[in-house]
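Student: Sharing a structure, written as structure tokens. Questions coming.
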Amino acid sequence: MPKSPAPAPPARTASAPLLTVAGGQLVAAPRPSPEKAVRVRERPTPRNPYLRLLATPGARAFTAGNLIARLPMGMLSVSAVIMIAGSRGSYALAGAVTATGLAATAVVAPFTARLVDRHGQARIAVPATALAVLGSLALVLCVRYGAPAWTLFVAYAATATTPNTGGMSRARWAHLHRGDPAALHTANSFEQAADELCFMLGPVLAATLCGALFPEAGTLVGAFLLMTGVLIFAAQRATEPPPNPRTRKTTSPLRTPGMPALLAVFLATGAVFGALEVVSIAHAGGAILALQAAGSCAAGLLYGSLRPARNVRRRLLVCLAAMTALMSLPLLAAASTASLPVLALCLLLAGAATAPTMVTGMTLVQRSTPPGQLNEGMTLSVTALLGGVAAGAATGGWLVEHAGTVSGYAAPTGAAALALAIAAAGAYGWRRRGADRAQGNPA
């Protein structure tokens, strides 16, 4: 007779004991159930939206590098003014040099961002930053050794290749959290608060270094931090958005429907910042501006923790209306009283509307820009903002010198109202285009 096959050994279930020999005896240890193992491995999800944001794999590393690289943005221009004015005895020359650098940045930055989109952040940001750092070092040498004035303009213009680190960081968040509007809202709020923090601490650090050590210290430390931060940021390749090689069908974000109106809003909003800064410095000194930045930073963090309304364009109108109303507070304070504490409180409240406005505007830019051109789109918005800052600073300076402080504070209020009017006109155009598409008419 054929032998029947031997019975198969019983399959070990998930709860079968683990057997081992210890001290000559057979010891059984129960295997933990899969449910318990899963519960052990799971980590509770943080309730704070910012902790959830930073829990994204790789987020803390590139955020640390970005913050280090962004701090010099508030240092380098102030350091250059202190260094040049102290050496050449001319604030006019120092202002002209920094204004030239700002104009060069407005021209060069969009092209740098376009290269970042095409070839990747690491491949472009590192050499572009190295060139900018060489420009800062050349400026230090020209000032130190008494080179002709025209060399100062050339050296500082070379710093225009500095990549938009804030835009690159926002592009990473958009890549990591695509399809999650709530996370992107928190990320944009976090980035705006970081901007305010860096522009609040940067000038103070620059002035301290230049005063406590030597006039060139602010520029040298700023250049070192910029290069170090970009190297750390670029080394985080796992979170970097993929490059988007340009094709014949690729068009500039400027041709995206609604983008010109958004850039006009950023231009007018920049005029608010530039005018408010110059008028406040002329009236009460630069230290009082820290209150405006502090109000903006706190409001940005609070705004990011809230659940935003779905209609981003309507939200932008509400933010601009609030900014227009709050920007009238310094004007009323200057017109009614000469008390600096009252003006300081008004500036603190006025700053509370700027961060939500910028966060909402950047959200609209991200939604209006093709995914592979985010760096270029956000750099265009920053360029428009810088152009507005320059125009607002010039207007506010002229008004406060020729017409007084009250007229000077009318400039940021008027610029905020202009931004609101532009956004309202743009929203009307967006609604009309949406109705045309719904009816089958060409947009």
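Scheme for the structure tokens: letters A, B, ... for chains in order shown; per-chain residue numbers from 1; ligand numbers from 1 in order shown.
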If you count only C-alpha atoms, which residues fall within 10 Å of range 320-331 of chain A, apart from same-chain ones fewer than 4 positions away, as number ranges by chain?

Tutor: A: 265, 269, 272, 276, 280, 314-316, 335-336, 342-358, 360-361, 405-421, 423-424

Student: Can I get the selection written as a CSV table (one decimal), in the first residue's frame, with C-alpha atoms?

Tutor:
chain,number,residue,atom,x,y,z
A,265,VAL,CA,-1.7,94.0,-6.1
A,269,THR,CA,1.1,96.3,-1.3
A,272,VAL,CA,2.4,100.2,1.7
A,276,LEU,CA,5.3,103.0,6.2
A,280,SER,CA,8.1,105.8,10.6
A,314,ARG,CA,-12.8,86.8,-1.7
A,315,ARG,CA,-10.5,86.2,1.2
A,316,LEU,CA,-7.9,88.5,-0.4
A,335,ALA,CA,-2.9,113.7,13.1
A,336,SER,CA,-4.5,113.6,16.6
A,342,VAL,CA,0.0,105.6,20.8
A,343,LEU,CA,1.7,105.5,17.5
A,344,ALA,CA,3.6,102.3,18.5
A,345,LEU,CA,0.3,100.6,19.3
A,346,CYS,CA,-1.2,101.7,16.0
A,347,LEU,CA,1.8,100.3,14.1
A,348,LEU,CA,1.4,97.0,16.0
A,349,LEU,CA,-2.3,96.8,15.0
A,350,ALA,CA,-1.5,97.9,11.4
A,351,GLY,CA,1.0,95.1,11.1
A,352,ALA,CA,-1.7,92.5,12.0
A,353,ALA,CA,-3.2,92.8,8.5
A,354,THR,CA,-0.1,92.6,6.4
A,355,ALA,CA,0.8,88.9,7.0
A,356,PRO,CA,-2.7,87.5,6.2
A,357,THR,CA,-2.7,89.6,3.0
A,358,MET,CA,0.6,88.3,1.9
A,360,THR,CA,-3.5,84.9,0.8
A,361,GLY,CA,-1.8,86.6,-2.1
A,405,THR,CA,4.4,113.3,9.0
A,406,VAL,CA,0.6,113.3,8.6
A,407,SER,CA,0.8,113.5,4.8
A,408,GLY,CA,3.5,110.9,4.9
A,409,TYR,CA,1.3,108.4,6.7
A,410,ALA,CA,-1.4,109.1,4.1
A,411,ALA,CA,0.8,107.3,1.6
A,412,PRO,CA,0.6,103.7,3.0
A,413,THR,CA,-3.2,104.2,3.5
A,414,GLY,CA,-3.6,105.3,-0.1
A,415,ALA,CA,-1.5,102.5,-1.4
A,416,ALA,CA,-3.5,99.9,0.6
A,417,ALA,CA,-6.7,101.4,-0.9
A,418,LEU,CA,-5.2,101.2,-4.4
A,419,ALA,CA,-4.3,97.5,-3.8
A,420,LEU,CA,-7.9,96.8,-2.7
A,421,ALA,CA,-9.3,98.6,-5.8
A,423,ALA,CA,-8.0,93.3,-6.5
A,424,ALA,CA,-11.7,94.2,-6.7

Student: Do you know which residues are at most 7 Å from range 105-113 of chain A counting only C-alpha atoms, after dropping those on the same chain fewer than 6 positions away, and could you put them as a ChimeraX atom specification?

Tutor: /A:160-161,163,375-376,379-380,383

Student: Taking only residues of range 251-329 of chain A that have an atom at most 8 Å from an atom of range 192-196 of chain A, what is each one's shortest atom pair and its distance in Å to one decimal, using only C-alpha atoms, in chain and number order, as a Markdown table?

Tutor:
| residue | atom | partner | partner_atom | distance |
| --- | --- | --- | --- | --- |
| A:Ala293 | CA | A:Glu196 | CA | 5.6 |
| A:Ala294 | CA | A:Glu196 | CA | 7.4 |
| A:Ser296 | CA | A:Glu196 | CA | 6.8 |
| A:Cys297 | CA | A:Ala193 | CA | 4.5 |
| A:Ala298 | CA | A:Ala193 | CA | 7.3 |
| A:Gly300 | CA | A:Ala193 | CA | 5.5 |
| A:Leu301 | CA | A:Ala193 | CA | 6.3 |

Student: Enumerate, as a ChimeraX atom specification, the complete set of residues in range 145-231 of chain A that a backbone-based DSSP assignment places in helix (DSSP H, G or I).

Tutor: /A:149-161,165-176,181-212,217-231

Student: Pick out the residues sitting within 9 Å of Pro370 in chain A, and hand them over as a PDB file with N, CA, C and O atoms, in the first residue's frame; count only C-alpha atoms, and ignore anything fewer than 6 positions along from it in its own chain.

Tutor:
ATOM      1  N   PRO A 253       4.658  82.725 -16.684  1.00  0.00           N
ATOM      2  CA  PRO A 253       3.515  82.874 -15.777  1.00  0.00           C
ATOM      3  C   PRO A 253       2.795  84.200 -15.942  1.00  0.00           C
ATOM      4  O   PRO A 253       1.638  84.334 -15.525  1.00  0.00           O
ATOM      5  N   THR A 256      -0.492  83.869 -17.577  1.00  0.00           N
ATOM      6  CA  THR A 256      -1.552  83.127 -16.902  1.00  0.00           C
ATOM      7  C   THR A 256      -2.699  84.076 -16.574  1.00  0.00           C
ATOM      8  O   THR A 256      -2.462  85.179 -16.061  1.00  0.00           O
ATOM      9  N   GLY A 377       7.022  82.046 -10.733  1.00  0.00           N
ATOM     10  CA  GLY A 377       5.820  82.789 -10.395  1.00  0.00           C
ATOM     11  C   GLY A 377       5.945  83.525  -9.071  1.00  0.00           C
ATOM     12  O   GLY A 377       5.583  84.702  -8.965  1.00  0.00           O
TER      13      GLY A 377
END

Student: Tell me which protein, DNA and RNA residues are within 8 Å of Gly274 in chain A, counting only C-alpha atoms, leaving out same-chain ones fewer than 3 positions away, and put them as a VMD selection string.

Tutor: chain A and resid 270 to 271 277 to 278 388 to 394 396

Student: Pick out the residues sitting within 8 Å of Pro245 in chain A, and hand them over as a list in words; count only C-alpha atoms, and ignore anything fewer than 5 positions along from it in its own chain.

Tutor: Asp117, Arg118 and His119 of chain A

Student: Can those selected residues be exported to a file as a PDB file, in the first residue's frame so that it contains N, CA and C atoms?

Tutor:
ATOM      1  N   ASP A 117      13.566  76.527 -11.890  1.00  0.00           N
ATOM      2  CA  ASP A 117      12.461  75.661 -12.311  1.00  0.00           C
ATOM      3  C   ASP A 117      12.912  74.657 -13.373  1.00  0.00           C
ATOM      4  N   ARG A 118      13.768  75.094 -14.287  1.00  0.00           N
ATOM      5  CA  ARG A 118      14.180  74.219 -15.391  1.00  0.00           C
ATOM      6  C   ARG A 118      15.162  73.145 -14.949  1.00  0.00           C
ATOM      7  N   HIS A 119      16.132  73.524 -14.103  1.00  0.00           N
ATOM      8  CA  HIS A 119      17.256  72.634 -13.821  1.00  0.00           C
ATOM      9  C   HIS A 119      17.298  72.136 -12.381  1.00  0.00           C
TER      10      HIS A 119
END

Student: Name the closest residue to Arg170 in chain A among the candidates A:Gly258, A:Gly101, A:Pro215, A:Pro241; distances are taken between atoms, counting only C-alpha atoms.

Tutor: A:Pro241

Student: Tell me which of A:Leu254, A:Ile281, A:Ala333, A:Val140 sits closest to Ser381 in chain A, counting only C-alpha atoms.

Tutor: A:Leu254

Student: Determine, counting only C-alpha atoms, which protein, DNA and RNA residues have an atom within 10 Å of an atom of Leu231 in chain A; residues of the same chain fewer than 6 positions away are not included. Present the result as a list of chain:residue names.

Tutor: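 Residues meeting the cut-off are A:Phe62, A:Gly65, A:Asn66, A:Ala69, A:Ala122, A:Ala125, A:Val126, A:Thr129, A:Ala130, A:Leu225.
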
Student: Those selected residues, please, written with all heavy atoms and delivered as a PDB file, in the first residue's frame.

Tutor:
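Saved the output as out.pdb:
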ATOM      1  N   PHE A  62      15.215  71.199   5.652  1.00  0.00           N
ATOM      2  CA  PHE A  62      15.265  72.278   4.664  1.00  0.00           C
ATOM      3  C   PHE A  62      14.749  73.588   5.258  1.00  0.00           C
ATOM      4  O   PHE A  62      15.160  74.670   4.822  1.00  0.00           O
ATOM      5  CB  PHE A  62      14.527  71.891   3.378  1.00  0.00           C
ATOM      6  CG  PHE A  62      13.036  72.075   3.362  1.00  0.00           C
ATOM      7  CD1 PHE A  62      12.460  73.329   3.259  1.00  0.00           C
ATOM      8  CD2 PHE A  62      12.191  70.970   3.398  1.00  0.00           C
ATOM      9  CE1 PHE A  62      11.087  73.484   3.212  1.00  0.00           C
ATOM     10  CE2 PHE A  62      10.819  71.109   3.350  1.00  0.00           C
ATOM     11  CZ  PHE A  62      10.262  72.380   3.265  1.00  0.00           C
ATOM     12  N   GLY A  65      17.833  75.198   7.035  1.00  0.00           N
ATOM     13  CA  GLY A  65      18.717  75.823   6.064  1.00  0.00           C
ATOM     14  C   GLY A  65      18.118  77.079   5.475  1.00  0.00           C
ATOM     15  O   GLY A  65      18.812  78.090   5.276  1.00  0.00           O
ATOM     16  N   ASN A  66      16.824  77.049   5.212  1.00  0.00           N
ATOM     17  CA  ASN A  66      16.171  78.212   4.615  1.00  0.00           C
ATOM     18  C   ASN A  66      16.158  79.394   5.575  1.00  0.00           C
ATOM     19  O   ASN A  66      16.356  80.549   5.155  1.00  0.00           O
ATOM     20  CB  ASN A  66      14.751  77.832   4.205  1.00  0.00           C
ATOM     21  CG  ASN A  66      14.035  78.946   3.487  1.00  0.00           C
ATOM     22  OD1 ASN A  66      13.271  79.694   4.078  1.00  0.00           O
ATOM     23  ND2 ASN A  66      14.286  79.057   2.195  1.00  0.00           N
ATOM     24  N   ALA A  69      19.552  80.965   5.614  1.00  0.00           N
ATOM     25  CA  ALA A  69      19.811  81.706   4.384  1.00  0.00           C
ATOM     26  C   ALA A  69      18.951  82.956   4.270  1.00  0.00           C
ATOM     27  O   ALA A  69      19.336  83.918   3.600  1.00  0.00           O
ATOM     28  CB  ALA A  69      19.561  80.800   3.168  1.00  0.00           C
ATOM     29  N   ALA A 122      18.974  72.788  -6.396  1.00  0.00           N
ATOM     30  CA  ALA A 122      20.358  72.611  -5.967  1.00  0.00           C
ATOM     31  C   ALA A 122      21.345  73.022  -7.054  1.00  0.00           C
ATOM     32  O   ALA A 122      22.371  73.658  -6.770  1.00  0.00           O
ATOM     33  CB  ALA A 122      20.597  71.165  -5.547  1.00  0.00           C
ATOM     34  N   ALA A 125      20.785  77.152  -7.359  1.00  0.00           N
ATOM     35  CA  ALA A 125      20.850  78.014  -6.184  1.00  0.00           C
ATOM     36  C   ALA A 125      22.264  78.127  -5.626  1.00  0.00           C
ATOM     37  O   ALA A 125      22.685  79.213  -5.218  1.00  0.00           O
ATOM     38  CB  ALA A 125      19.900  77.493  -5.102  1.00  0.00           C
ATOM     39  N   VAL A 126      23.012  77.036  -5.624  1.00  0.00           N
ATOM     40  CA  VAL A 126      24.351  77.074  -5.025  1.00  0.00           C
ATOM     41  C   VAL A 126      25.308  77.962  -5.820  1.00  0.00           C
ATOM     42  O   VAL A 126      25.930  78.866  -5.252  1.00  0.00           O
ATOM     43  CB  VAL A 126      24.912  75.642  -4.872  1.00  0.00           C
ATOM     44  CG1 VAL A 126      26.369  75.686  -4.410  1.00  0.00           C
ATOM     45  CG2 VAL A 126      24.072  74.858  -3.860  1.00  0.00           C
ATOM     46  N   THR A 129      24.217  81.639  -5.513  1.00  0.00           N
ATOM     47  CA  THR A 129      24.543  82.206  -4.203  1.00  0.00           C
ATOM     48  C   THR A 129      26.037  82.481  -4.092  1.00  0.00           C
ATOM     49  O   THR A 129      26.447  83.499  -3.518  1.00  0.00           O
ATOM     50  CB  THR A 129      24.100  81.237  -3.089  1.00  0.00           C
ATOM     51  OG1 THR A 129      22.702  80.987  -3.219  1.00  0.00           O
ATOM     52  CG2 THR A 129      24.384  81.821  -1.728  1.00  0.00           C
ATOM     53  N   ALA A 130      26.854  81.587  -4.620  1.00  0.00           N
ATOM     54  CA  ALA A 130      28.307  81.801  -4.578  1.00  0.00           C
ATOM     55  C   ALA A 130      28.682  83.091  -5.307  1.00  0.00           C
ATOM     56  O   ALA A 130      29.532  83.865  -4.833  1.00  0.00           O
ATOM     57  CB  ALA A 130      29.025  80.606  -5.195  1.00  0.00           C
ATOM     58  N   LEU A 225      26.389  83.468   6.417  1.00  0.00           N
ATOM     59  CA  LEU A 225      25.108  82.816   6.725  1.00  0.00           C
ATOM     60  C   LEU A 225      24.346  82.466   5.454  1.00  0.00           C
ATOM     61  O   LEU A 225      23.726  81.395   5.370  1.00  0.00           O
ATOM     62  CB  LEU A 225      24.261  83.739   7.609  1.00  0.00           C
ATOM     63  CG  LEU A 225      24.753  83.962   9.047  1.00  0.00           C
ATOM     64  CD1 LEU A 225      23.865  84.975   9.748  1.00  0.00           C
ATOM     65  CD2 LEU A 225      24.781  82.655   9.813  1.00  0.00           C
TER      66      LEU A 225
END

Student: Quick one: distance from CA of Leu364 in chain A to CA of Leu263 in chain A in Å, one decimal?

Tutor: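 Interatomic distance, CA of Leu364 in chain A to CA of Leu263 in chain A: 10.6 Å.
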
Student: Extract, using only C-alpha atoms, all DNA, RNA and protein residues at most 9 Å from Phe153 in chain A, discarding same-chain residues fewer than 6 positions from it, and format them as a tab-separated table (two decimals) with C-alpha atoms, in the first residue's frame.

Tutor:
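Listed below is the output, out_16.tsv:
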chain	number	residue	atom	x	y	z
A	96	ALA	CA	22.18	104.98	-4.27
A	97	VAL	CA	24.32	101.81	-4.10
A	98	THR	CA	21.62	99.81	-2.30
A	100	THR	CA	21.03	99.98	-7.61
A	101	GLY	CA	21.26	96.52	-6.08
A	139	LEU	CA	32.04	95.32	-1.93

Student: Grab the CA of Pro127 in chain A to CA of Met168 in chain A distance for me, in Å with one decimal place.

Tutor: 15.1 Å
